[in-house]
Amino acid sequence: LAIFSGRAHPALAEAIAARLGRTLGRVDVFEFSNENIFVQFQENIRQRDVFLVQPFVSPVNTSIMELLIMIDAARRASAGRITAVIPYYAYGRSDKKDQPRVPITARLIANMLETAGADRVLTLNLHAGQIQGFFNIPVDELNALYPVSAYFRTKNLENYTVVATDVGGEKRARDLAVRLDLPLAIIDKRRIGNAEVAEAMHVIGEVDGRNCLILDDEISTAGTIVSAVHALRQHGAREIIVSCYHPVFAGPAVERLRALEVKEIVVTDSVPLGPEKILPNMTIIPVA
Ligand code: R5P
């Protein structure tokens with residue numbers, strides 16, 4: 001077995017290797033002045049079981065291309081089996097043709113990974129579990145529910161309700177509610193066109209006078225979370241904890257989260273967070 005990291009999240013790759021009592025394999029990955037990416041494995045991987053760790057994080061398209069090139073290099077170096085370890089699968093929201101003349105990019109990327117030569121994909125909390133079906137190779141989707149619920153079990157969550165930020169996230173939030181033995185509420189969220197604007201409309205379930213633990217799969221611009229918090233406050237919620245599996249934190253997210261009056265923001269380390277993105281009330285749960 002050999003574990004290699006792309007440039008997207010070396011800290012997570014190191015943590016995964018350490019968890020397995022190993023060190024990362026040596027690979028050179030860099031970009032020429034013309035932005036062409038170069039990859040060269042610095043050790044023999046002939047017939048080895050190769051794991052390439054690369055979440056699709058900013059710059060997202062570079063992360064994807066880099067992984068494809070790493071897979072190609074591993075295939076041409078006669079690796080025995082190549083597993084693409086993708087702790088965050090970007091483009092997950094592009095999983096259906098829900099408007100005329102639009103792509104299904106999550107499927108396109110699946111095709112590209114297979115064409116490059118991946119034998120298997122290991123990922124964490126896809127935006128929609130059905131994305132597994134875009135692949136003809138085995139996909140293992142791990143669930144951050146386990147470390148995240150283990151963390152919350154150490155907390156006193158009396159009078160709390162778990163809240164899904166939209167109907168699509170109901171199962172995800174219900175799984176957490178079941179593990180924590182808490183009730184569930186759901187926000188009826190509407191997105192306005194393709195704009196990164198989310199408007200929370202109604203709250204289904206009882207939150208008046210209760211504390212709320214919001215769970216989303218990812219926080220991108222934080223628009224969804226901000227409107228969820230406002231809606232819950234309008235419906236009489238008291239203390240609020242915000243949590244997500246993938247802290248993408250794009251654009252205005254950090255400023256929005258900083259301005260949000262919530263008790264705690266709980267995320268995982270599936271996505272790297274620079275110091276400027278870590279807030280005082282933030283807890284980062286390791287997934288390795
Ligand atoms: C949407 O369906 C997802 O579950 C998240 O709610 C969404 O990706 C969050 O995006 P943003 O933070 O930009 O509102």
# chains A, B, ... in the order shown; residues from 1 in each chain; ligands from 1
>>> closest_atom_pairs(of="chain A", to="ligand 1", cutoff="6 Å", atoms="only C-alpha atoms and all ligand atoms", output="Markdown table")
| residue | atom | partner | partner_atom_place_in_ligand_line | distance |
| --- | --- | --- | --- | --- |
| A:Glu196 | CA | ligand 1 | 13 (O) | 5.8 |
| A:Asp216 | CA | ligand 1 | 4 (O) | 5.6 |
| A:Asp217 | CA | ligand 1 | 4 (O) | 5.2 |
| A:Glu218 | CA | ligand 1 | 5 (C) | 5.2 |
| A:Ile219 | CA | ligand 1 | 12 (O) | 3.9 |
| A:Ser220 | CA | ligand 1 | 12 (O) | 3.5 |
| A:Thr221 | CA | ligand 1 | 13 (O) | 3.6 |
| A:Ala222 | CA | ligand 1 | 12 (O) | 3.4 |
| A:Gly223 | CA | ligand 1 | 14 (O) | 3.9 |
| A:Thr224 | CA | ligand 1 | 14 (O) | 3.6 |
>>> write_last_selection(atoms="C-alpha atoms", output="PDB file, in the first residue's frame")
ATOM      1  CA  GLU A 196     -25.967  32.110  -4.863  1.00  0.00           C
ATOM      2  CA  ASP A 216     -25.723  21.010   6.264  1.00  0.00           C
ATOM      3  CA  ASP A 217     -23.461  18.975   4.005  1.00  0.00           C
ATOM      4  CA  GLU A 218     -21.392  22.010   3.040  1.00  0.00           C
ATOM      5  CA  ILE A 219     -21.122  25.694   3.753  1.00  0.00           C
ATOM      6  CA  SER A 220     -20.076  27.450   0.570  1.00  0.00           C
ATOM      7  CA  THR A 221     -20.992  31.165   0.621  1.00  0.00           C
ATOM      8  CA  ALA A 222     -22.840  30.668   3.951  1.00  0.00           C
ATOM      9  CA  GLY A 223     -25.987  32.195   2.421  1.00  0.00           C
ATOM     10  CA  THR A 224     -27.989  29.098   3.337  1.00  0.00           C
TER      11      THR A 224
END
>>> closest_atom_pairs(of="range 96-196 of chain A", to="range 238-245 of chain A", cutoff="12 Å", atoms="only C-alpha atoms", output="JSON lines")
{"residue": "A:Leu124", "atom": "CA", "partner": "A:Tyr245", "partner_atom": "CA", "distance": 8.7}
{"residue": "A:Asn125", "atom": "CA", "partner": "A:Tyr245", "partner_atom": "CA", "distance": 7.4}
{"residue": "A:Leu126", "atom": "CA", "partner": "A:Tyr245", "partner_atom": "CA", "distance": 9.9}
{"residue": "A:His127", "atom": "CA", "partner": "A:Tyr245", "partner_atom": "CA", "distance": 10.2}
{"residue": "A:Leu142", "atom": "CA", "partner": "A:Tyr245", "partner_atom": "CA", "distance": 11.5}
{"residue": "A:Asn143", "atom": "CA", "partner": "A:Tyr245", "partner_atom": "CA", "distance": 9.1}
{"residue": "A:Ala144", "atom": "CA", "partner": "A:Tyr245", "partner_atom": "CA", "distance": 6.5}
{"residue": "A:Leu145", "atom": "CA", "partner": "A:Tyr245", "partner_atom": "CA", "distance": 8.2}
{"residue": "A:Tyr146", "atom": "CA", "partner": "A:Tyr245", "partner_atom": "CA", "distance": 11.0}
{"residue": "A:Pro147", "atom": "CA", "partner": "A:Tyr245", "partner_atom": "CA", "distance": 10.2}
{"residue": "A:Val148", "atom": "CA", "partner": "A:Tyr245", "partner_atom": "CA", "distance": 8.3}
{"residue": "A:Ser149", "atom": "CA", "partner": "A:Ser243", "partner_atom": "CA", "distance": 10.7}
{"residue": "A:Tyr151", "atom": "CA", "partner": "A:Ser243", "partner_atom": "CA", "distance": 11.4}
{"residue": "A:Phe152", "atom": "CA", "partner": "A:Ser243", "partner_atom": "CA", "distance": 10.4}
{"residue": "A:Lys155", "atom": "CA", "partner": "A:Ile241", "partner_atom": "CA", "distance": 11.5}
{"residue": "A:Leu157", "atom": "CA", "partner": "A:Ile241", "partner_atom": "CA", "distance": 10.1}
{"residue": "A:Glu158", "atom": "CA", "partner": "A:Glu239", "partner_atom": "CA", "distance": 10.9}
{"residue": "A:Asn159", "atom": "CA", "partner": "A:Glu239", "partner_atom": "CA", "distance": 9.7}
{"residue": "A:Tyr160", "atom": "CA", "partner": "A:Glu239", "partner_atom": "CA", "distance": 8.6}
{"residue": "A:Thr161", "atom": "CA", "partner": "A:Ile240", "partner_atom": "CA", "distance": 9.6}
{"residue": "A:Val162", "atom": "CA", "partner": "A:Ile241", "partner_atom": "CA", "distance": 9.4}
{"residue": "A:Val163", "atom": "CA", "partner": "A:Val242", "partner_atom": "CA", "distance": 9.4}
{"residue": "A:Ala164", "atom": "CA", "partner": "A:Ser243", "partner_atom": "CA", "distance": 10.4}
{"residue": "A:Thr165", "atom": "CA", "partner": "A:Val242", "partner_atom": "CA", "distance": 10.3}
{"residue": "A:Gly169", "atom": "CA", "partner": "A:Cys244", "partner_atom": "CA", "distance": 11.1}
{"residue": "A:Arg172", "atom": "CA", "partner": "A:Tyr245", "partner_atom": "CA", "distance": 10.4}
{"residue": "A:Ala173", "atom": "CA", "partner": "A:Cys244", "partner_atom": "CA", "distance": 10.3}
{"residue": "A:Leu176", "atom": "CA", "partner": "A:Ser243", "partner_atom": "CA", "distance": 11.0}
>>> atom_distance(atom1="CA of Val254 in chain A", atom2="CA of Gly274 in chain A")
11.2 Å
>>> closest_residue(among="A:Glu14, A:Asp269, A:Glu261, A:Glu31", to="Val53 in chain A", atoms="only C-alpha atoms")
A:Glu14
>>> atom_distance(atom1="CA of Lys263 in chain A", atom2="CA of Gln234 in chain A")
17.1 Å
>>> select_by_dssp(residues="range 28-61 of chain A", states="strand (DSSP E)", output="list of chain:residue names")
A:Asp28, A:Val29, A:Phe30, A:Glu31, A:Ile37, A:Phe38, A:Val39, A:Gln40, A:Phe41, A:Asp49, A:Val50, A:Phe51, A:Leu52, A:Val53
>>> closest_atom_pairs(of="range 110-222 of chain A", to="range 36-51 of chain A", cutoff="10 Å", atoms="only C-alpha atoms", output="JSON lines")
{"residue": "A:Ala118", "atom": "CA", "partner": "A:Phe51", "partner_atom": "CA", "distance": 9.9}
{"residue": "A:Asp119", "atom": "CA", "partner": "A:Val50", "partner_atom": "CA", "distance": 9.9}
{"residue": "A:Arg120", "atom": "CA", "partner": "A:Phe51", "partner_atom": "CA", "distance": 9.4}
{"residue": "A:Val121", "atom": "CA", "partner": "A:Phe51", "partner_atom": "CA", "distance": 9.4}
{"residue": "A:Leu122", "atom": "CA", "partner": "A:Phe51", "partner_atom": "CA", "distance": 9.2}
>>> atom_distance(atom1="CA of Gly6 in chain A", atom2="CA of Tyr89 in chain A")
14.6 Å
>>> closest_residue(among="A:His235, A:Pro100, A:Val248, A:Val29", to="Ile187 in chain A", atoms="only C-alpha atoms")
A:His235
>>> residues_around(residues="Gly133 in chain A", least_positions_apart="4", cutoff="10 Å", atoms="only C-alpha atoms", output="VMD selection string")
chain A and resid 107 110 129 137 to 139
>>> write_last_selection(atoms="N, CA and C atoms", output="compact mmCIF listing (two decimals), in the first residue's frame")
# COMPACT_ATOMS: atom_id res chain seq x y z
N ARG A 107 -21.30 13.91 -13.07
CA ARG A 107 -21.17 12.69 -13.90
C ARG A 107 -19.96 12.81 -14.84
N ALA A 110 -16.92 12.01 -12.97
CA ALA A 110 -16.84 10.56 -12.73
C ALA A 110 -16.27 9.87 -13.97
N GLY A 129 -26.20 10.96 -2.40
CA GLY A 129 -25.64 9.60 -2.45
C GLY A 129 -25.72 8.99 -3.84
N ILE A 137 -17.10 2.07 -11.46
CA ILE A 137 -16.12 1.44 -10.57
C ILE A 137 -16.66 1.55 -9.14
N PRO A 138 -16.15 0.75 -8.19
CA PRO A 138 -16.68 0.83 -6.83
C PRO A 138 -16.43 2.20 -6.19
N VAL A 139 -17.44 2.66 -5.48
CA VAL A 139 -17.33 3.93 -4.73
C VAL A 139 -17.64 3.63 -3.27
>>> residues_around(residues="Met70 in chain A", least_positions_apart="2", cutoff="8 Å", atoms="only C-alpha atoms", output="JSON, numbers by chain")
{"A": [6, 39, 52, 66, 67, 68, 72, 73, 74]}
>>> write_last_selection(atoms="C-alpha atoms", output="mmCIF file, in the first residue's frame")
data_model
loop_
_atom_site.group_PDB
_atom_site.id
_atom_site.type_symbol
_atom_site.label_atom_id
_atom_site.label_comp_id
_atom_site.auth_asym_id
_atom_site.auth_seq_id
_atom_site.Cartn_x
_atom_site.Cartn_y
_atom_site.Cartn_z
ATOM 1 C CA GLY A 6 -1.727 16.041 -4.334
ATOM 2 C CA VAL A 39 3.580 14.841 -11.773
ATOM 3 C CA LEU A 52 -4.120 9.304 -4.104
ATOM 4 C CA GLU A 66 -4.126 17.436 -10.866
ATOM 5 C CA LEU A 67 -5.780 14.272 -9.583
ATOM 6 C CA LEU A 68 -6.499 13.132 -13.144
ATOM 7 C CA ASP A 72 -2.565 8.808 -15.346
ATOM 8 C CA ALA A 73 1.004 8.847 -14.047
ATOM 9 C CA ALA A 74 0.225 6.008 -11.608
#
>>> residues_around(residues="Ala106 in chain A", least_positions_apart="6", cutoff="6 Å", atoms="only C-alpha atoms", output="list in words")
Tyr91, Gly92, Ser94 and Asp95 of chain A
>>> write_last_selection(atoms="N, CA and C atoms", output="mmCIF file, in the first residue's frame")
data_model
loop_
_atom_site.group_PDB
_atom_site.id
_atom_site.type_symbol
_atom_site.label_atom_id
_atom_site.label_comp_id
_atom_site.auth_asym_id
_atom_site.auth_seq_id
_atom_site.Cartn_x
_atom_site.Cartn_y
_atom_site.Cartn_z
ATOM 1 N N TYR A 91 -18.696 20.031 -7.398
ATOM 2 C CA TYR A 91 -19.666 19.894 -8.491
ATOM 3 C C TYR A 91 -20.792 18.925 -8.129
ATOM 4 N N GLY A 92 -20.877 18.550 -6.855
ATOM 5 C CA GLY A 92 -21.918 17.603 -6.438
ATOM 6 C C GLY A 92 -23.321 18.121 -6.683
ATOM 7 N N SER A 94 -24.252 19.697 -9.266
ATOM 8 C CA SER A 94 -24.589 19.528 -10.690
ATOM 9 C C SER A 94 -24.788 18.038 -10.947
ATOM 10 N N ASP A 95 -25.890 17.490 -10.411
ATOM 11 C CA ASP A 95 -26.109 16.048 -10.459
ATOM 12 C C ASP A 95 -27.357 15.665 -11.236
#
